[in-house]
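As stored in final_7.cif (mmCIF, C-alpha atoms (C1' of nucleotides)):
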data_work
loop_
_atom_site.label_atom_id
_atom_site.label_comp_id
_atom_site.auth_asym_id
_atom_site.auth_seq_id
_atom_site.Cartn_x
_atom_site.Cartn_y
_atom_site.Cartn_z
CA MET A 86 0.00 0.00 0.00
CA GLN A 87 1.42 3.27 -1.05
CA MET A 88 0.54 6.57 0.57
CA ARG A 89 -0.86 9.29 -1.55
CA ASP A 90 1.24 12.37 -1.77
CA PHE A 91 0.09 15.92 -2.19
CA ALA A 92 1.43 18.93 -3.97
CA ILE A 93 1.21 22.10 -1.94
CA GLY A 94 -1.90 23.22 -3.80
CA GLU A 95 -3.72 20.00 -3.01
CA LEU A 96 -2.73 20.30 0.60
CA ALA A 97 -4.10 23.82 0.60
CA ALA A 98 -7.36 22.70 -0.96
CA GLU A 99 -7.61 19.83 1.50
CA THR A 100 -7.01 21.93 4.61
CA GLY A 101 -8.20 25.40 3.68
CA VAL A 102 -4.82 26.86 4.54
CA LYS A 103 -3.50 29.09 1.78
CA ILE A 104 -0.37 28.16 -0.10
CA PRO A 105 1.82 31.06 1.04
CA THR A 106 0.69 30.39 4.58
CA ILE A 107 1.84 26.78 4.35
CA ARG A 108 5.23 27.92 3.20
CA TYR A 109 5.26 30.50 5.96
CA TYR A 110 4.52 27.80 8.53
CA GLU A 111 7.42 25.84 7.17
CA GLY A 112 9.64 28.89 7.43
CA ILE A 113 8.87 29.42 11.10
CA GLY A 114 9.30 25.75 11.89
CA LEU A 115 5.68 24.97 12.63
CA ILE A 116 5.66 22.16 10.09
CA GLU A 117 8.53 20.07 8.81
CA PRO A 118 10.12 20.82 5.47
CA PRO A 119 8.69 18.09 3.25
CA PRO A 120 10.67 16.10 0.69
CA ARG A 121 10.99 17.60 -2.76
CA THR A 122 10.68 16.31 -6.29
CA ASP A 123 13.66 16.41 -8.63
CA GLY A 124 12.32 19.73 -9.78
CA ASN A 125 12.34 21.11 -6.23
CA GLN A 126 8.63 21.03 -5.60
CA ARG A 127 7.21 20.08 -2.21
CA ARG A 128 5.44 16.74 -1.81
CA TYR A 129 3.52 16.06 1.37
CA GLY A 130 2.37 12.80 2.94
CA GLU A 131 -0.65 11.93 5.06
CA THR A 132 1.10 12.88 8.28
CA ALA A 133 1.75 16.39 7.05
CA LEU A 134 -1.88 16.62 6.03
CA GLU A 135 -3.06 15.60 9.49
CA ARG A 136 -0.71 17.97 11.19
CA LEU A 137 -1.82 20.86 9.06
CA LYS A 138 -5.47 20.07 9.71
CA PHE A 139 -4.70 20.09 13.39
CA ILE A 140 -3.02 23.45 13.06
CA ALA A 141 -5.77 24.95 10.94
CA HIS A 142 -8.44 23.84 13.32
CA ALA A 143 -6.66 25.01 16.42
CA ARG A 144 -6.01 28.40 14.84
CA ALA A 145 -9.65 28.67 13.84
CA MET A 146 -10.54 28.02 17.45
CA GLY A 147 -8.44 30.98 18.42
CA PHE A 148 -5.49 29.25 20.02
CA PRO A 149 -2.56 31.61 19.81
CA MET A 150 0.56 30.57 17.97
CA VAL A 151 2.60 29.91 21.10
CA GLU A 152 0.02 27.56 22.56
CA LEU A 153 -0.27 25.87 19.23
CA LYS A 154 3.43 25.11 19.26
CA ALA A 155 3.10 23.72 22.76
CA MET A 156 0.19 21.52 21.69
CA LEU A 157 2.11 20.18 18.74
CA ARG A 158 5.03 19.37 20.96
CA ILE A 159 2.73 17.51 23.33
CA ALA A 160 0.74 15.78 20.61
CA GLY A 161 4.04 14.50 19.26
CA HIS A 162 4.73 12.41 22.38
CA LYS A 163 2.10 9.75 22.04
CA ASP A 164 2.75 8.53 25.57
CA ALA A 165 2.71 11.86 27.33
CA PRO A 166 -0.05 12.43 29.84
CA CYS A 167 -3.20 14.07 28.59
CA ALA A 168 -3.14 16.43 31.50
CA ASP A 169 -0.71 18.77 29.76
CA LEU A 170 -3.01 19.21 26.84
CA ASP A 171 -5.99 19.55 29.14
CA GLU A 172 -4.27 22.41 30.80
CA LEU A 173 -4.04 24.35 27.57
CA VAL A 174 -7.62 23.66 26.60
CA ARG A 175 -8.78 24.69 30.04
CA GLY A 176 -6.82 27.92 29.81
CA ARG A 177 -8.38 28.65 26.47
CA LEU A 178 -11.81 27.95 27.92
CA VAL A 179 -11.27 30.51 30.64
CA GLU A 180 -10.23 33.04 28.07
CA VAL A 181 -13.23 32.36 25.89
CA ASN A 182 -15.51 32.84 28.85
CA GLU A 183 -13.92 36.15 29.66
CA ARG A 184 -14.31 37.33 26.13
CA ILE A 185 -17.95 36.36 26.05
CA ALA A 186 -18.52 38.34 29.24
CA ARG A 187 -16.77 41.40 27.86
CA LEU A 188 -18.64 41.24 24.59
CA THR A 189 -21.95 40.85 26.34
CA ALA A 190 -21.30 43.97 28.40
CA LEU A 191 -20.30 45.78 25.24
CA ARG A 192 -23.50 44.72 23.55
CA GLY A 193 -25.46 46.29 26.37
CA GLU A 194 -23.55 49.49 25.98
CA LEU A 195 -24.01 49.65 22.25
CA SER A 196 -27.72 49.02 22.30
CA GLY A 197 -28.08 51.50 25.13
CA MET A 198 -26.47 54.06 22.90
CA LEU A 199 -28.95 53.41 20.16
CA GLU A 200 -32.01 53.60 22.38
CA SER A 201 -31.25 56.76 24.22
CA HIS A 202 -31.00 59.34 21.49
CA HIS A 203 -33.34 60.64 18.88
CA HIS A 204 -32.57 64.30 18.67
CA GLY A 205 -31.64 64.33 15.03
CA THR A 206 -28.24 66.02 14.92
CA ILE A 207 -24.76 65.13 16.00
CA GLY A 208 -24.39 68.22 18.14
CA GLU A 209 -26.62 66.77 20.82
CA CYS A 210 -26.05 63.12 20.11
CA ARG A 211 -25.58 60.73 22.98
CA VAL A 212 -23.49 58.40 20.91
CA VAL A 213 -20.76 60.98 20.66
CA GLU A 214 -21.02 61.73 24.35
CA VAL A 215 -20.86 58.13 25.42
CA LEU A 216 -17.93 57.48 23.19
CA SER A 217 -16.06 60.43 24.60
CA ASP A 218 -16.72 59.59 28.17
CA HIS A 219 -15.40 56.29 29.29
CA GLY A 220 -16.18 57.15 32.88
CA SER A 221 -19.87 56.64 32.25
CA CYS A 222 -19.40 53.02 31.24
CA ALA A 223 -20.77 50.32 33.43
CA THR A 224 -17.89 48.01 32.63
CA GLU A 225 -14.20 47.73 32.03
CA HIS A 226 -12.77 47.26 28.60
CA MET B 37 -10.42 81.94 31.53
CA GLN B 38 -7.46 80.12 30.15
CA MET B 39 -7.60 76.53 29.03
CA ARG B 40 -5.23 74.09 30.59
CA ASP B 41 -2.74 72.59 28.26
CA PHE B 42 -1.19 69.16 28.43
CA ALA B 43 2.19 67.75 27.59
CA ILE B 44 2.04 64.48 25.73
CA GLY B 45 2.73 62.49 28.90
CA GLU B 46 -0.15 64.12 30.73
CA LEU B 47 -2.42 63.44 27.81
CA ALA B 48 -1.31 59.83 27.88
CA ALA B 49 -1.98 59.57 31.62
CA GLU B 50 -5.36 61.22 31.18
CA THR B 51 -6.54 58.98 28.36
CA GLY B 52 -4.67 55.76 28.88
CA VAL B 53 -3.22 55.94 25.38
CA LYS B 54 0.51 55.42 25.34
CA ILE B 55 2.84 58.18 24.24
CA PRO B 56 4.22 56.52 21.12
CA THR B 57 0.68 55.63 20.14
CA ILE B 58 -0.39 59.26 20.38
CA ARG B 59 2.46 60.26 18.11
CA TYR B 60 1.54 57.41 15.80
CA TYR B 61 -2.05 58.66 15.63
CA GLU B 62 -0.73 62.04 14.68
CA GLY B 63 1.42 60.49 12.02
CA ILE B 64 -1.48 58.73 10.34
CA GLY B 65 -3.66 61.82 10.54
CA LEU B 66 -6.10 60.54 13.12
CA ILE B 67 -5.47 63.53 15.37
CA GLU B 68 -4.30 67.00 14.46
CA PRO B 69 -0.68 67.99 14.96
CA PRO B 70 -0.87 70.16 18.09
CA PRO B 71 1.00 73.43 18.58
CA ARG B 72 4.53 73.22 19.93
CA THR B 73 6.52 75.01 22.57
CA ASP B 74 9.61 77.00 21.64
CA GLY B 75 11.52 73.84 22.44
CA ASN B 76 9.44 71.83 19.94
CA GLN B 77 7.37 69.90 22.45
CA ARG B 78 3.70 69.14 21.84
CA ARG B 79 1.10 70.99 23.90
CA TYR B 80 -2.49 69.83 23.72
CA GLY B 81 -5.74 71.61 24.59
CA GLU B 82 -9.04 70.32 25.93
CA THR B 83 -10.38 69.56 22.47
CA ALA B 84 -7.48 67.26 21.71
CA LEU B 85 -8.06 65.57 25.03
CA GLU B 86 -11.72 64.96 24.23
CA ARG B 87 -10.96 63.69 20.79
CA LEU B 88 -8.36 61.28 22.09
CA LYS B 89 -10.73 60.02 24.75
CA PHE B 90 -13.28 59.43 22.05
CA ILE B 91 -10.74 57.50 20.03
CA ALA B 92 -9.51 55.48 22.98
CA HIS B 93 -12.97 54.52 24.00
CA ALA B 94 -14.10 53.58 20.53
CA ARG B 95 -10.99 51.46 20.07
CA ALA B 96 -11.57 49.78 23.40
CA MET B 97 -15.05 48.92 22.21
CA GLY B 98 -13.53 47.20 19.25
CA PHE B 99 -14.40 49.63 16.49
CA PRO B 100 -11.91 49.11 13.71
CA MET B 101 -9.69 51.96 12.58
CA VAL B 102 -11.62 52.66 9.39
CA GLU B 103 -14.94 53.01 11.19
CA LEU B 104 -13.25 55.17 13.76
CA LYS B 105 -12.14 57.56 11.07
CA ALA B 106 -15.66 57.67 9.69
CA MET B 107 -17.06 58.40 13.15
CA LEU B 108 -14.62 61.21 13.70
CA ARG B 109 -15.54 62.71 10.36
CA ILE B 110 -19.21 62.56 11.30
CA ALA B 111 -18.71 63.78 14.85
CA GLY B 112 -16.94 66.78 13.38
CA HIS B 113 -20.06 68.04 11.60
CA LYS B 114 -22.17 69.11 14.53
CA ASP B 115 -25.24 69.51 12.33
CA ALA B 116 -25.03 66.21 10.49
CA PRO B 117 -27.84 63.74 11.08
CA CYS B 118 -27.36 61.19 13.82
CA ALA B 119 -28.47 58.46 11.49
CA ASP B 120 -25.01 58.12 9.99
CA LEU B 121 -23.44 57.44 13.33
CA ASP B 122 -26.28 55.12 14.27
CA GLU B 123 -25.53 53.12 11.22
CA LEU B 124 -21.99 52.44 12.37
CA VAL B 125 -23.03 51.56 15.88
CA ARG B 126 -25.68 49.23 14.57
CA GLY B 127 -23.17 47.52 12.32
CA ARG B 128 -20.86 47.04 15.24
CA LEU B 129 -23.71 45.59 17.28
CA VAL B 130 -24.39 42.99 14.62
CA GLU B 131 -20.74 42.06 14.61
CA VAL B 132 -20.59 41.77 18.37
CA ASN B 133 -23.60 39.49 18.34
CA GLU B 134 -21.99 37.28 15.76
CA ARG B 135 -18.84 37.04 17.76
CA ILE B 136 -20.72 36.12 20.89
CA ALA B 137 -22.48 33.36 19.00
CA ARG B 138 -19.25 31.99 17.62
CA LEU B 139 -17.52 32.10 20.98
CA THR B 140 -20.42 30.38 22.65
CA ALA B 141 -20.26 27.54 20.15
CA LEU B 142 -16.54 27.34 20.69
CA ARG B 143 -17.02 27.14 24.42
CA GLY B 144 -19.28 24.15 23.93
CA GLU B 145 -16.69 22.48 21.82
CA LEU B 146 -13.88 23.11 24.26
CA SER B 147 -15.73 21.86 27.28
CA GLY B 148 -16.91 18.86 25.30
CA MET B 149 -13.28 18.07 24.64
CA LEU B 150 -12.48 18.16 28.31
CA GLU B 151 -15.36 15.97 29.37
CA SER B 152 -15.01 13.19 26.89
CA HIS B 153 -11.56 11.86 27.55
CA HIS B 154 -9.87 10.34 30.51
CA HIS B 155 -7.65 7.71 29.05
CA GLY B 156 -4.41 9.09 30.36
CA THR B 157 -2.17 9.30 27.34
CA ILE B 158 -2.01 11.45 24.26
CA GLY B 159 -2.08 8.48 21.91
CA GLU B 160 -5.75 7.92 22.53
CA CYS B 161 -6.71 11.43 23.47
CA ARG B 162 -9.87 12.91 22.11
CA VAL B 163 -8.49 16.40 22.28
CA VAL B 164 -5.98 15.59 19.61
CA GLU B 165 -8.62 13.89 17.53
CA VAL B 166 -11.09 16.70 17.75
CA LEU B 167 -8.46 19.23 16.90
CA SER B 168 -7.40 17.27 13.86
CA ASP B 169 -10.85 16.71 12.57
CA HIS B 170 -12.77 19.80 11.76
CA GLY B 171 -15.47 17.76 10.07
CA SER B 172 -16.72 16.57 13.43
CA CYS B 173 -17.47 20.09 14.61
CA ALA B 174 -21.01 21.11 15.17
CA THR B 175 -20.33 24.65 13.99
CA GLU B 176 -18.51 26.79 11.52
CA HIS B 177 -15.46 28.76 12.46
"C1'" DG C 254 22.68 75.73 38.69
"C1'" DT C 255 22.36 71.17 38.21
"C1'" DA C 256 20.11 66.71 37.98
"C1'" DA C 257 16.23 64.00 36.94
"C1'" DT C 258 12.58 63.60 34.18
"C1'" DT C 259 10.22 64.12 30.14
"C1'" DG C 260 10.21 65.08 25.51
"C1'" DC C 261 11.98 64.89 20.46
"C1'" DT C 262 12.99 62.23 15.83
"C1'" DC C 263 14.21 58.30 13.48
"C1'" DT C 264 14.82 53.56 12.43
"C1'" DA C 265 13.60 49.02 12.99
"C1'" DG C 266 10.90 45.19 14.97
"C1'" DT C 267 6.53 42.73 16.03
"C1'" DC C 268 2.83 39.07 14.37
"C1'" DA C 269 0.69 36.36 11.06
"C1'" DC C 270 0.28 36.63 7.02
"C1'" DT C 271 -0.42 38.50 1.93
"C1'" DA C 272 1.04 40.31 -2.70
"C1'" DG C 273 3.86 40.56 -6.49
"C1'" DA C 274 7.85 39.88 -9.58
"C1'" DG C 275 10.30 36.90 -12.26
"C1'" DG C 276 11.47 32.43 -13.22
"C1'" DT C 277 10.93 26.95 -13.28
"C1'" DT C 278 8.47 22.46 -13.36
"C1'" DC C 279 4.75 19.49 -13.96
"C1'" DA C 280 0.80 17.05 -16.25
"C1'" DA C 281 -2.32 16.63 -19.94
"C1'" DG C 282 -3.53 16.65 -24.68
"C1'" DC C 283 -2.10 16.00 -29.31
"C1'" DG D 71 7.91 13.66 -28.04
"C1'" DC D 72 6.38 18.21 -27.80
"C1'" DT D 73 3.79 21.99 -26.45
"C1'" DT D 74 1.09 24.60 -23.52
"C1'" DG D 75 -1.02 26.27 -19.44
"C1'" DA D 76 -1.45 25.65 -14.76
"C1'" DA D 77 0.88 25.12 -10.74
"C1'" DC D 78 5.09 25.63 -8.47
"C1'" DC D 79 9.60 27.97 -6.87
"C1'" DT D 80 12.30 31.95 -4.24
"C1'" DC D 81 12.72 36.44 -2.80
"C1'" DT D 82 11.46 40.97 -1.43
"C1'" DA D 83 8.31 44.06 0.38
"C1'" DG D 84 3.89 45.46 2.38
"C1'" DT D 85 0.01 45.20 5.82
"C1'" DG D 86 -2.07 47.21 10.50
"C1'" DA D 87 -1.51 49.03 14.73
"C1'" DC D 88 1.42 49.67 17.24
"C1'" DT D 89 6.12 48.95 20.33
"C1'" DA D 90 11.17 49.36 21.39
"C1'" DG D 91 15.39 51.53 21.31
"C1'" DA D 92 19.10 54.87 20.22
"C1'" DG D 93 20.77 59.28 20.73
"C1'" DC D 94 19.89 63.79 21.78
"C1'" DA D 95 17.12 68.28 23.51
"C1'" DA D 96 13.94 70.61 26.62
"C1'" DT D 97 11.67 71.18 30.91
"C1'" DT D 98 10.97 71.05 35.87
"C1'" DA D 99 12.13 70.50 40.75
"C1'" DC D 100 15.16 71.36 44.22
#

So, in terms of structure tokens, how does the structure I just supplied come out?
Amino acid sequence: MQMRDFAIGELAAETGVKIPTIRYYEGIGLIEPPPRTDGNQRRYGETALERLKFIAHARAMGFPMVELKAMLRIAGHKDAPCADLDELVRGRLVEVNERIARLTALRGELSGMLESHHHGTIGECRVVEVLSDHGSCATEH
Amino acid sequence: MQMRDFAIGELAAETGVKIPTIRYYEGIGLIEPPPRTDGNQRRYGETALERLKFIAHARAMGFPMVELKAMLRIAGHKDAPCADLDELVRGRLVEVNERIARLTALRGELSGMLESHHHGTIGECRVVEVLSDHGSCATEH
DNA sequence: GTAATTGCTCTAGTCACTAGAGGTTCAAGC
DNA sequence: GCTTGAACCTCTAGTGACTAGAGCAATTAC
């Protein structure tokens, strides 16, 4: 059984990661430099495909680059304890919760702005006022 | 009655915007170049302070730079209709709602990942699986 | 009057990519 | 086997929104 191999464009199509981005990832050492054809073109195997999918998905979930690197390091040791990875996911969860809270507060502020002014001109517009005066906010941001 | 004037550091302290950032804003034309002392140092008046507060607050609320510029243009015309500004705020509100929705979905996914695996090692860890396989996600991101 | 603080300009660096120039290789059809 | 067009290569430079640092000048406090 022979493994399929992919040109960079196929890999891109398969994962949704753009071609220059794949090369960029290689440049910064996030993925391994793949073998090349005689004509110097990159050819990727299944493993590279999986790894890139992993990366793409984690990025889409908002994991920052540094954590991503840590995850890849961990995911590489098949016998390492799950706890390490858990830790990262848990951290991310906390962050997501915080961001939801902040955005929810912001939503309140924005819709408040819209409700409370119907004077017609900017000169007396509450939106401008509210924006200028952070002190009147209910929340931190 | 004479207006107070502020050195750049005072302005920074007052608004929470860092000094290099204030100069950067001046460079890109977001704020006016203020008058200078004989020794070439910037001195700001109340108006500049207000404008910078406006900017800082809008940025903190996540308005992107382009919208910020539009808002400043509008806020400058004291007799312009409020509707224009409303439009921007409304747009931002839609965006905030979308982001809340996406983050909420993400939260579900993350906590799902944490619940569904207690095997001990990475080799059989669902976290790695889920991250690799976007197809198994309930949602878009 | 002097010392500490604050300010000035300018260049370059950050992150995570993206765009473009200019050239080479591959795969498919004839 | 040959041609053609798509896909690939490297390299440089640009993006946005700042941030950091060097090297020097002005201001302020004592």

Problem set entry | Residues within 7 Å of segment 169-179 of chain A, only C-alpha atoms (C1' of nucleotides), excluding chain neighbours under 6 positions, as an NGL selection string | (:A and (156 or 159)) or (:B and (143 or 146 or 150))

Exercise. Can you tell me how far atom C1' of DA280 of chain C sits from atom CA of Pro119 of chain A, in Å to one decimal?
Worked result: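 One can read the atom C1' of DA280 of chain C to atom CA of Pro119 of chain A distance as 21.1 Å.
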
For this session: Determine the residue set returned by the PyMOL selection byres ((chain D) within 12 of (chain B)) for the present structure, and present it as number ranges by chain.
Result: D: 86-90, 95-97

Those selected residues, please, written with C-alpha atoms (C1' of nucleotides) and delivered as an mmCIF file, keeping the file's coordinate frame.
data_model
loop_
_atom_site.group_PDB
_atom_site.id
_atom_site.type_symbol
_atom_site.label_atom_id
_atom_site.label_comp_id
_atom_site.auth_asym_id
_atom_site.auth_seq_id
_atom_site.Cartn_x
_atom_site.Cartn_y
_atom_site.Cartn_z
ATOM 1 C "C1'" DG D 86 -2.070 47.210 10.500
ATOM 2 C "C1'" DA D 87 -1.510 49.030 14.730
ATOM 3 C "C1'" DC D 88 1.420 49.670 17.240
ATOM 4 C "C1'" DT D 89 6.120 48.950 20.330
ATOM 5 C "C1'" DA D 90 11.170 49.360 21.390
ATOM 6 C "C1'" DA D 95 17.120 68.280 23.510
ATOM 7 C "C1'" DA D 96 13.940 70.610 26.620
ATOM 8 C "C1'" DT D 97 11.670 71.180 30.910
#

For this session: Could you give me, as a list in words, the residues within 12 Å of DA272 of chain C, counting only C-alpha atoms (C1' of nucleotides) and dropping anything in the same chain fewer than 5 positions from it?
Result: Pro105 of chain A; DT82, DA83, DG84 and DT85 of chain D

Writing out the chosen residues with C-alpha atoms (C1' of nucleotides) as a short mmCIF file (atom, residue, chain, number, x, y, z; two decimals), keeping the file's coordinate frame:
data_model
loop_
_atom_site.label_atom_id
_atom_site.label_comp_id
_atom_site.auth_asym_id
_atom_site.auth_seq_id
_atom_site.Cartn_x
_atom_site.Cartn_y
_atom_site.Cartn_z
CA PRO A 105 1.82 31.06 1.04
"C1'" DT D 82 11.46 40.97 -1.43
"C1'" DA D 83 8.31 44.06 0.38
"C1'" DG D 84 3.89 45.46 2.38
"C1'" DT D 85 0.01 45.20 5.82
#

On this file, the PyMOL selection byres ((chain C) within 12 of (chain B)) gives some set of residues; write that set as a compact mmCIF listing (two decimals) with C-alpha atoms (C1' of nucleotides), keeping the file's coordinate frame.
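This is the output file expr_23.txt:
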# COMPACT_ATOMS: atom_id res chain seq x y z
C1' DT C 258 12.58 63.60 34.18
C1' DT C 259 10.22 64.12 30.14
C1' DG C 260 10.21 65.08 25.51
C1' DC C 261 11.98 64.89 20.46
C1' DT C 262 12.99 62.23 15.83

Problem set entry | Exercise: Val102 of chain A partners within 7 Å, only C-alpha atoms (C1' of nucleotides), chain neighbours under 5 positions left out, as a PyMOL selection string | chain A and resi 97+107+141

Problem set entry | Residue IDs satisfying the PyMOL selection byres ((chain A and resi 188) around 9), as an MDAnalysis selection string | (chainID A and resid 183:187 189:193) or (chainID B and resid 97 132:133 135:136)

Problem set entry | Long-range neighbours of DG275 of chain C as a PyMOL selection string, 12 Å cut-off, all atoms listed in the file, 4 positions minimum in chain | chain D and resi 79-82

For this session: Rounded to one decimal place, report the atom CA of Phe42 of chain B-atom CA of Pro100 of chain B distance in Å.
Result: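 We find that atom CA of Phe42 of chain B and atom CA of Pro100 of chain B lie 27.1 Å from each other.
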
For this session: May I have the residues within 10 Å of Ile91 of chain B as a VMD selection string, using all atoms listed in the file and disregarding those fewer than 3 positions away in the same chain?
Result: (chain A and resid 216 to 217) or (chain B and resid 51 53 61 66 to 67 85 to 88 94 to 97 99 101 104 to 105 107 to 108)

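Going from atom CA of Arg59 of chain B to atom CA of Leu47 of chain B covers 11.3 Å.
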
Padding 6 Å on each side, edges along x, y and z: where is the centre of the box around the listed atoms of segment 67-86 of chain B, and how long are its edges in Å to one decimal? Output it as AutoDock Vina command-line options.
--center_x -0.1 --center_y 70.3 --center_z 20.2 --size_x 35.2 --size_y 25.5 --size_z 23.5

Problem set entry | Minimum-distance residue to chain B, chosen among A:Arg128, A:Arg121, A:Arg158, A:His142 (using only C-alpha atoms) |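 Among A:Arg128, A:Arg121, A:Arg158, A:His142, it is A:His142 that comes nearest to chain B.
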
Would you mind putting N, CA and C atoms back on segment 185-199 of chain A and writing the result as a PDB file, in the frame of the given file?
ATOM      1  N   ILE A 185     -16.489  36.326  26.181  1.00  0.00           N
ATOM      2  CA  ILE A 185     -17.950  36.360  26.050  1.00  0.00           C
ATOM      3  C   ILE A 185     -18.524  37.392  27.021  1.00  0.00           C
ATOM      4  N   ALA A 186     -18.021  37.384  28.240  1.00  0.00           N
ATOM      5  CA  ALA A 186     -18.520  38.340  29.240  1.00  0.00           C
ATOM      6  C   ALA A 186     -18.284  39.772  28.786  1.00  0.00           C
ATOM      7  N   ARG A 187     -17.087  40.039  28.291  1.00  0.00           N
ATOM      8  CA  ARG A 187     -16.770  41.400  27.860  1.00  0.00           C
ATOM      9  C   ARG A 187     -17.652  41.825  26.690  1.00  0.00           C
ATOM     10  N   LEU A 188     -17.828  40.903  25.762  1.00  0.00           N
ATOM     11  CA  LEU A 188     -18.640  41.240  24.590  1.00  0.00           C
ATOM     12  C   LEU A 188     -20.099  41.455  24.975  1.00  0.00           C
ATOM     13  N   THR A 189     -20.560  40.698  25.925  1.00  0.00           N
ATOM     14  CA  THR A 189     -21.950  40.850  26.340  1.00  0.00           C
ATOM     15  C   THR A 189     -22.166  42.228  26.973  1.00  0.00           C
ATOM     16  N   ALA A 190     -21.220  42.637  27.797  1.00  0.00           N
ATOM     17  CA  ALA A 190     -21.300  43.970  28.400  1.00  0.00           C
ATOM     18  C   ALA A 190     -21.291  45.033  27.305  1.00  0.00           C
ATOM     19  N   LEU A 191     -20.419  44.832  26.346  1.00  0.00           N
ATOM     20  CA  LEU A 191     -20.300  45.780  25.240  1.00  0.00           C
ATOM     21  C   LEU A 191     -21.603  45.872  24.464  1.00  0.00           C
ATOM     22  N   ARG A 192     -22.230  44.724  24.266  1.00  0.00           N
ATOM     23  CA  ARG A 192     -23.500  44.720  23.550  1.00  0.00           C
ATOM     24  C   ARG A 192     -24.516  45.592  24.253  1.00  0.00           C
ATOM     25  N   GLY A 193     -24.547  45.456  25.586  1.00  0.00           N
ATOM     26  CA  GLY A 193     -25.460  46.290  26.370  1.00  0.00           C
ATOM     27  C   GLY A 193     -25.187  47.758  26.139  1.00  0.00           C
ATOM     28  N   GLU A 194     -23.926  48.088  26.153  1.00  0.00           N
ATOM     29  CA  GLU A 194     -23.550  49.490  25.980  1.00  0.00           C
ATOM     30  C   GLU A 194     -23.962  50.007  24.615  1.00  0.00           C
ATOM     31  N   LEU A 195     -23.691  49.209  23.611  1.00  0.00           N
ATOM     32  CA  LEU A 195     -24.010  49.650  22.250  1.00  0.00           C
ATOM     33  C   LEU A 195     -25.514  49.822  22.064  1.00  0.00           C
ATOM     34  N   SER A 196     -26.288  48.859  22.556  1.00  0.00           N
ATOM     35  CA  SER A 196     -27.720  49.020  22.300  1.00  0.00           C
ATOM     36  C   SER A 196     -28.302  50.127  23.156  1.00  0.00           C
ATOM     37  N   GLY A 197     -27.701  50.343  24.325  1.00  0.00           N
ATOM     38  CA  GLY A 197     -28.080  51.500  25.130  1.00  0.00           C
ATOM     39  C   GLY A 197     -27.889  52.800  24.367  1.00  0.00           C
ATOM     40  N   MET A 198     -26.763  52.877  23.689  1.00  0.00           N
ATOM     41  CA  MET A 198     -26.470  54.060  22.900  1.00  0.00           C
ATOM     42  C   MET A 198     -27.537  54.318  21.845  1.00  0.00           C
ATOM     43  N   LEU A 199     -27.979  53.259  21.240  1.00  0.00           N
ATOM     44  CA  LEU A 199     -28.950  53.410  20.160  1.00  0.00           C
ATOM     45  C   LEU A 199     -30.324  53.829  20.681  1.00  0.00           C
TER      46      LEU A 199
END
